[in-house]
Amino acid sequence: MAYAHITGKSETKKTVTKSRTARTVPDADDNPPVRKRRKLAKWQIILIIVLCAVALGLVAAKIFLSKRNSSTSVVQTYRVRQETNENIIEISGNILAAQSQTLRVAGAGTVTKVNVKEGDFVKKGQVLLELDAVEQNYELSNLDYQIAQTKINGSKKELELQQQKRTVLQKKLEDRKVVASFDGYLAQFSVLTGDYLEAKDVVGTLIDRSYMKASVEVVETDVSKLKVNQPVRFTFPAYSKEVTGYVVSYPTVGSITSRGATVVETELRIDNPPEEILPQFSFTGVIQITEPETVLVIERQAISSKSGKSYAEVVQRDGTTKEVQVTVENYGTKYVKILSGLSAGDVVQNSASTQSGWAASSGGNAGSGGNGGNSSFGGMTVRMGR
């Protein structure tokens with residue numbers, strides 16, 4: 001067997017692969033700046049959503065409350081109260097005795113006689129004490145002798161002069177005594193027989209307590225309210241009871257105080273004052289211009305208005321309510337004065353809106369008046385009762 005030997009060239013197929021460097025694109029999550037921006041944007045979106053939700057909630061709540069308020073009334077109760085209005089002028093000062101005499105001796109000398117003691121009641125003209133008057137008695141007696149001689153053989157002119165001199169000597173003799181000028185009490189008296197006194201020495205004080213008086217300043221804006229005999233109520237710190245008096249007089253011209261205020265000095269009087277009240281005691285008080293007025297008042301919101309008429313929803317003892325017609329008028333900015341329909345202590349219920357009652361329908365305010373307490377309006381004192 002013949003074999004054919006075939007010799008072939010072996011081909012080696014070469015695959016040439018070009019080597020390329022692959023570029024790797026980094027992942028966004030691995031980049032810190034980008035990651036930070038994405039988180040920030042995410043929280044901004046969440047915050048906007050939350051704010052929108054809150055805003056929607058508030059709007060819904062407002063709408064809900066508005067609807068509920070429009071359909072549901074708030075029940076409030078008010079009580080009828082009693083006030084006393086007093087048109088007065090307030091005053092203060094110190095009380096004085098009706099009359100007062102400072103007891104002084106006219107000349108120097110020794111006390112020879114004391115007829116009274118401190119606290120005694122004395123009469124007008126009564127001799128309280130006497131000084132030695134030997135010299136004065138001698139001069140008067142000597143002059144009387146001369147007058148007698150002149151009447152026999154003297155001239156008419158000489159007699160007239162002697163009689164004038166006698167009047168002078170009599171006055172000097174009278175000055176050796178201390179005499180009461182009016183009926184009254186010796187509030188102070190301190191002198192004994194044998195005491196030596198100088199001219200003008202004070203030995204005591206005599207007062208007339210048949211009435212007591214005071215002078216008070218009334219400002220010019222209140223003078224037009226004054227009238228003689230207007231009642232005055234005095235309050236003394238040293239005396240527990242109120243004392244009554246009255247206006248005696250006031251001048252037609254004012255005076256200016258050291259503060260620059262124009263006032264009128266008004267004289268007041270207390271007849272038969274209590275013994276406990278002494279001269280110079282301090283006081284406060286009021287001049288009563290008109291009689292006190294008692295009124296019934298209630299808050300404006302308690303009264304409702306229908307068809308031009310006023311009504312109140314009165315709470316009964318069993319808790320039920322009864323609508324009654326009332327008559328009221330303006331009384332300040334917060335209250336109305338009740339003329340009819342209600343009594344002091346009545347409880348009134350108002351379930352309407354505070355702007356839908358008499359306060360809103362009546363419009364405006366009138367004058368000054370109740371404000372829930374004690375107040376003063378140009379001399380008008382308002383006392384709120386319960």
# chains A, B, ... in the order shown; residues from 1 in each chain; ligands from 1
$ select_by_dssp --residues "stretch 68-280 of chain A" --states "strand (DSSP E)" --output "JSON, numbers by chain"
{"A": [76, 77, 78, 79, 81, 82, 83, 84, 85, 86, 87, 88, 89, 90, 91, 92, 93, 94, 96, 97, 98, 99, 100, 101, 102, 103, 104, 109, 110, 111, 112, 113, 114, 121, 122, 127, 128, 129, 130, 131, 177, 178, 179, 184, 185, 186, 187, 188, 189, 196, 197, 202, 203, 204, 205, 206, 207, 208, 209, 210, 211, 212, 213, 214, 215, 216, 217, 218, 219, 231, 232, 233, 234, 235, 243, 244, 245, 246, 247, 248, 249, 255, 256, 262, 263, 264, 265, 266, 267, 268, 269, 270, 271]}
$ residues_around --residues "A:Tyr196" --least-positions-apart "3" --cutoff "12 Å" --atoms "only C-alpha atoms" --output "VMD selection string"
chain A and resid 105 107 to 113 130 to 132 191 to 193 199 201 203
$ residues_around --residues "A:Pro292" --least-positions-apart "4" --cutoff "9 Å" --atoms "only C-alpha atoms" --output "PyMOL selection string"
chain A and resi 84-87+288
$ select_by_dssp --residues "stretch 127-305 of chain A" --states "alpha helix (DSSP H)" --output "VMD selection string"
chain A and resid 134 to 153 156 to 174
$ residues_around --residues "A:Tyr246" --least-positions-apart "3" --cutoff "10 Å" --atoms "only C-alpha atoms" --output "PyMOL selection string"
chain A and resi 213+227-234+249+267-271+287-288
$ write_last_selection --atoms "all heavy atoms" --output "short mmCIF file (atom, residue, chain, number, x, y, z; two decimals), in the first residue's frame"
data_model
loop_
_atom_site.label_atom_id
_atom_site.label_comp_id
_atom_site.auth_asym_id
_atom_site.auth_seq_id
_atom_site.Cartn_x
_atom_site.Cartn_y
_atom_site.Cartn_z
N LYS A 213 -67.94 125.34 113.04
CA LYS A 213 -67.90 125.85 111.67
C LYS A 213 -66.61 125.42 110.98
O LYS A 213 -65.64 124.99 111.61
CB LYS A 213 -68.00 127.37 111.66
CG LYS A 213 -66.84 128.06 112.37
CD LYS A 213 -67.02 129.57 112.40
CE LYS A 213 -65.84 130.25 113.09
NZ LYS A 213 -65.98 131.72 113.13
N LYS A 227 -75.54 126.10 96.93
CA LYS A 227 -76.70 126.84 97.41
C LYS A 227 -76.66 126.88 98.92
O LYS A 227 -76.18 125.93 99.56
CB LYS A 227 -78.01 126.19 96.95
CG LYS A 227 -78.27 126.29 95.45
CD LYS A 227 -79.61 125.66 95.09
CE LYS A 227 -79.87 125.75 93.59
NZ LYS A 227 -81.17 125.11 93.23
N VAL A 228 -77.13 127.97 99.50
CA VAL A 228 -77.20 128.08 100.97
C VAL A 228 -78.16 127.01 101.50
O VAL A 228 -79.19 126.72 100.89
CB VAL A 228 -77.67 129.49 101.37
CG1 VAL A 228 -77.90 129.57 102.87
CG2 VAL A 228 -76.63 130.52 100.94
N ASN A 229 -77.79 126.42 102.63
CA ASN A 229 -78.56 125.37 103.32
C ASN A 229 -78.46 124.00 102.68
O ASN A 229 -79.17 123.08 103.10
CB ASN A 229 -80.04 125.76 103.47
CG ASN A 229 -80.24 126.93 104.41
OD1 ASN A 229 -79.52 127.07 105.39
ND2 ASN A 229 -81.20 127.80 104.10
N GLN A 230 -77.60 123.83 101.68
CA GLN A 230 -77.38 122.48 101.16
C GLN A 230 -76.81 121.59 102.26
O GLN A 230 -75.95 122.01 103.03
CB GLN A 230 -76.41 122.50 99.98
CG GLN A 230 -77.05 122.94 98.67
CD GLN A 230 -76.04 123.08 97.55
OE1 GLN A 230 -74.88 123.40 97.79
NE2 GLN A 230 -76.46 122.87 96.33
N PRO A 231 -77.28 120.34 102.37
CA PRO A 231 -76.78 119.45 103.44
C PRO A 231 -75.31 119.07 103.21
O PRO A 231 -74.86 118.92 102.07
CB PRO A 231 -77.69 118.23 103.34
CG PRO A 231 -78.26 118.28 101.96
CD PRO A 231 -78.34 119.71 101.56
N VAL A 232 -74.60 118.93 104.32
CA VAL A 232 -73.19 118.53 104.30
C VAL A 232 -73.01 117.34 105.24
O VAL A 232 -73.53 117.35 106.36
CB VAL A 232 -72.27 119.69 104.74
CG1 VAL A 232 -70.80 119.25 104.69
CG2 VAL A 232 -72.49 120.91 103.85
N ARG A 233 -72.29 116.32 104.79
CA ARG A 233 -72.01 115.14 105.62
C ARG A 233 -70.52 115.14 105.98
O ARG A 233 -69.67 115.09 105.10
CB ARG A 233 -72.40 113.86 104.89
CG ARG A 233 -73.87 113.81 104.46
CD ARG A 233 -74.34 112.38 104.19
NE ARG A 233 -73.52 111.72 103.21
CZ ARG A 233 -73.75 111.71 101.90
NH1 ARG A 233 -74.78 112.39 101.42
NH2 ARG A 233 -72.97 111.05 101.08
N PHE A 234 -70.25 115.18 107.29
CA PHE A 234 -68.87 115.22 107.79
C PHE A 234 -68.47 113.84 108.32
O PHE A 234 -69.26 113.17 108.99
CB PHE A 234 -68.74 116.23 108.95
CG PHE A 234 -68.97 117.66 108.56
CD1 PHE A 234 -70.25 118.19 108.55
CD2 PHE A 234 -67.90 118.48 108.23
CE1 PHE A 234 -70.47 119.52 108.22
CE2 PHE A 234 -68.11 119.81 107.90
CZ PHE A 234 -69.39 120.33 107.89
N SER A 249 -72.73 130.05 103.83
CA SER A 249 -72.53 131.15 102.88
C SER A 249 -71.32 130.87 102.01
O SER A 249 -70.49 130.00 102.31
CB SER A 249 -72.33 132.48 103.63
OG SER A 249 -71.14 132.43 104.40
N GLU A 267 -68.40 128.61 103.64
CA GLU A 267 -68.57 128.45 105.08
C GLU A 267 -69.61 127.37 105.38
O GLU A 267 -70.73 127.39 104.83
CB GLU A 267 -69.03 129.77 105.72
CG GLU A 267 -68.01 130.90 105.61
CD GLU A 267 -66.73 130.60 106.38
OE1 GLU A 267 -66.83 129.99 107.48
OE2 GLU A 267 -65.65 130.96 105.90
N LEU A 268 -69.24 126.44 106.26
CA LEU A 268 -70.12 125.34 106.65
C LEU A 268 -70.38 125.42 108.16
O LEU A 268 -69.60 126.02 108.90
CB LEU A 268 -69.47 123.99 106.32
CG LEU A 268 -68.88 123.84 104.91
CD1 LEU A 268 -68.23 122.47 104.76
CD2 LEU A 268 -69.96 124.04 103.84
N ARG A 269 -71.44 124.75 108.60
CA ARG A 269 -71.81 124.83 110.02
C ARG A 269 -72.41 123.52 110.50
O ARG A 269 -73.15 122.85 109.77
CB ARG A 269 -72.81 125.98 110.22
CG ARG A 269 -73.30 126.16 111.65
CD ARG A 269 -74.02 127.48 111.77
NE ARG A 269 -74.77 127.60 113.03
CZ ARG A 269 -75.29 128.72 113.48
NH1 ARG A 269 -75.14 129.84 112.78
NH2 ARG A 269 -75.95 128.76 114.62
N ILE A 270 -72.10 123.17 111.76
CA ILE A 270 -72.70 122.02 112.45
C ILE A 270 -73.37 122.53 113.71
O ILE A 270 -72.70 123.07 114.60
CB ILE A 270 -71.64 120.96 112.82
CG1 ILE A 270 -70.91 120.44 111.58
CG2 ILE A 270 -72.28 119.79 113.57
CD1 ILE A 270 -69.75 119.52 111.89
N ASP A 271 -74.68 122.39 113.80
CA ASP A 271 -75.40 122.78 115.01
C ASP A 271 -75.36 121.65 116.03
O ASP A 271 -75.43 120.46 115.67
CB ASP A 271 -76.86 123.12 114.67
CG ASP A 271 -76.99 124.42 113.90
OD1 ASP A 271 -76.09 125.28 114.06
OD2 ASP A 271 -77.95 124.57 113.12
N ILE A 287 -70.58 117.82 100.16
CA ILE A 287 -71.73 118.71 100.05
C ILE A 287 -72.70 118.04 99.08
O ILE A 287 -72.34 117.75 97.94
CB ILE A 287 -71.33 120.10 99.53
CG1 ILE A 287 -70.32 120.75 100.48
CG2 ILE A 287 -72.56 120.99 99.37
CD1 ILE A 287 -69.75 122.06 99.96
N GLN A 288 -73.90 117.76 99.55
CA GLN A 288 -74.87 117.03 98.73
C GLN A 288 -75.65 118.00 97.85
O GLN A 288 -76.41 118.82 98.34
CB GLN A 288 -75.82 116.25 99.64
CG GLN A 288 -76.75 115.32 98.88
CD GLN A 288 -77.53 114.44 99.84
OE1 GLN A 288 -76.97 113.72 100.65
NE2 GLN A 288 -78.85 114.52 99.75
#
$ closest_residue --among "A:Gln149, A:Tyr335, A:Asn272, A:Glu160" --to "A:Met212" --atoms "only C-alpha atoms"
A:Asn272
$ atom_distance --atom1 "atom CA of A:Leu129" --atom2 "atom CA of A:Lys200"
14.3 Å
$ residues_around --residues "A:Gly204" --least-positions-apart "3" --cutoff "6 Å" --atoms "only C-alpha atoms" --output "ChimeraX atom specification"
/A:103,188-189
$ write_last_selection --atoms "N, CA, C and O atoms" --output "mmCIF file, in the first residue's frame"
data_model
loop_
_atom_site.group_PDB
_atom_site.id
_atom_site.type_symbol
_atom_site.label_atom_id
_atom_site.label_comp_id
_atom_site.auth_asym_id
_atom_site.auth_seq_id
_atom_site.Cartn_x
_atom_site.Cartn_y
_atom_site.Cartn_z
ATOM 1 N N LEU A 103 -57.444 134.388 125.959
ATOM 2 C CA LEU A 103 -57.489 135.169 127.205
ATOM 3 C C LEU A 103 -56.105 135.744 127.497
ATOM 4 O O LEU A 103 -55.159 135.009 127.800
ATOM 5 N N GLN A 188 -58.898 126.023 127.802
ATOM 6 C CA GLN A 188 -57.591 126.070 128.463
ATOM 7 C C GLN A 188 -57.609 127.207 129.478
ATOM 8 O O GLN A 188 -58.131 128.291 129.193
ATOM 9 N N PHE A 189 -57.033 126.942 130.644
ATOM 10 C CA PHE A 189 -56.956 128.004 131.661
ATOM 11 C C PHE A 189 -55.932 127.570 132.712
ATOM 12 O O PHE A 189 -56.150 126.592 133.427
#
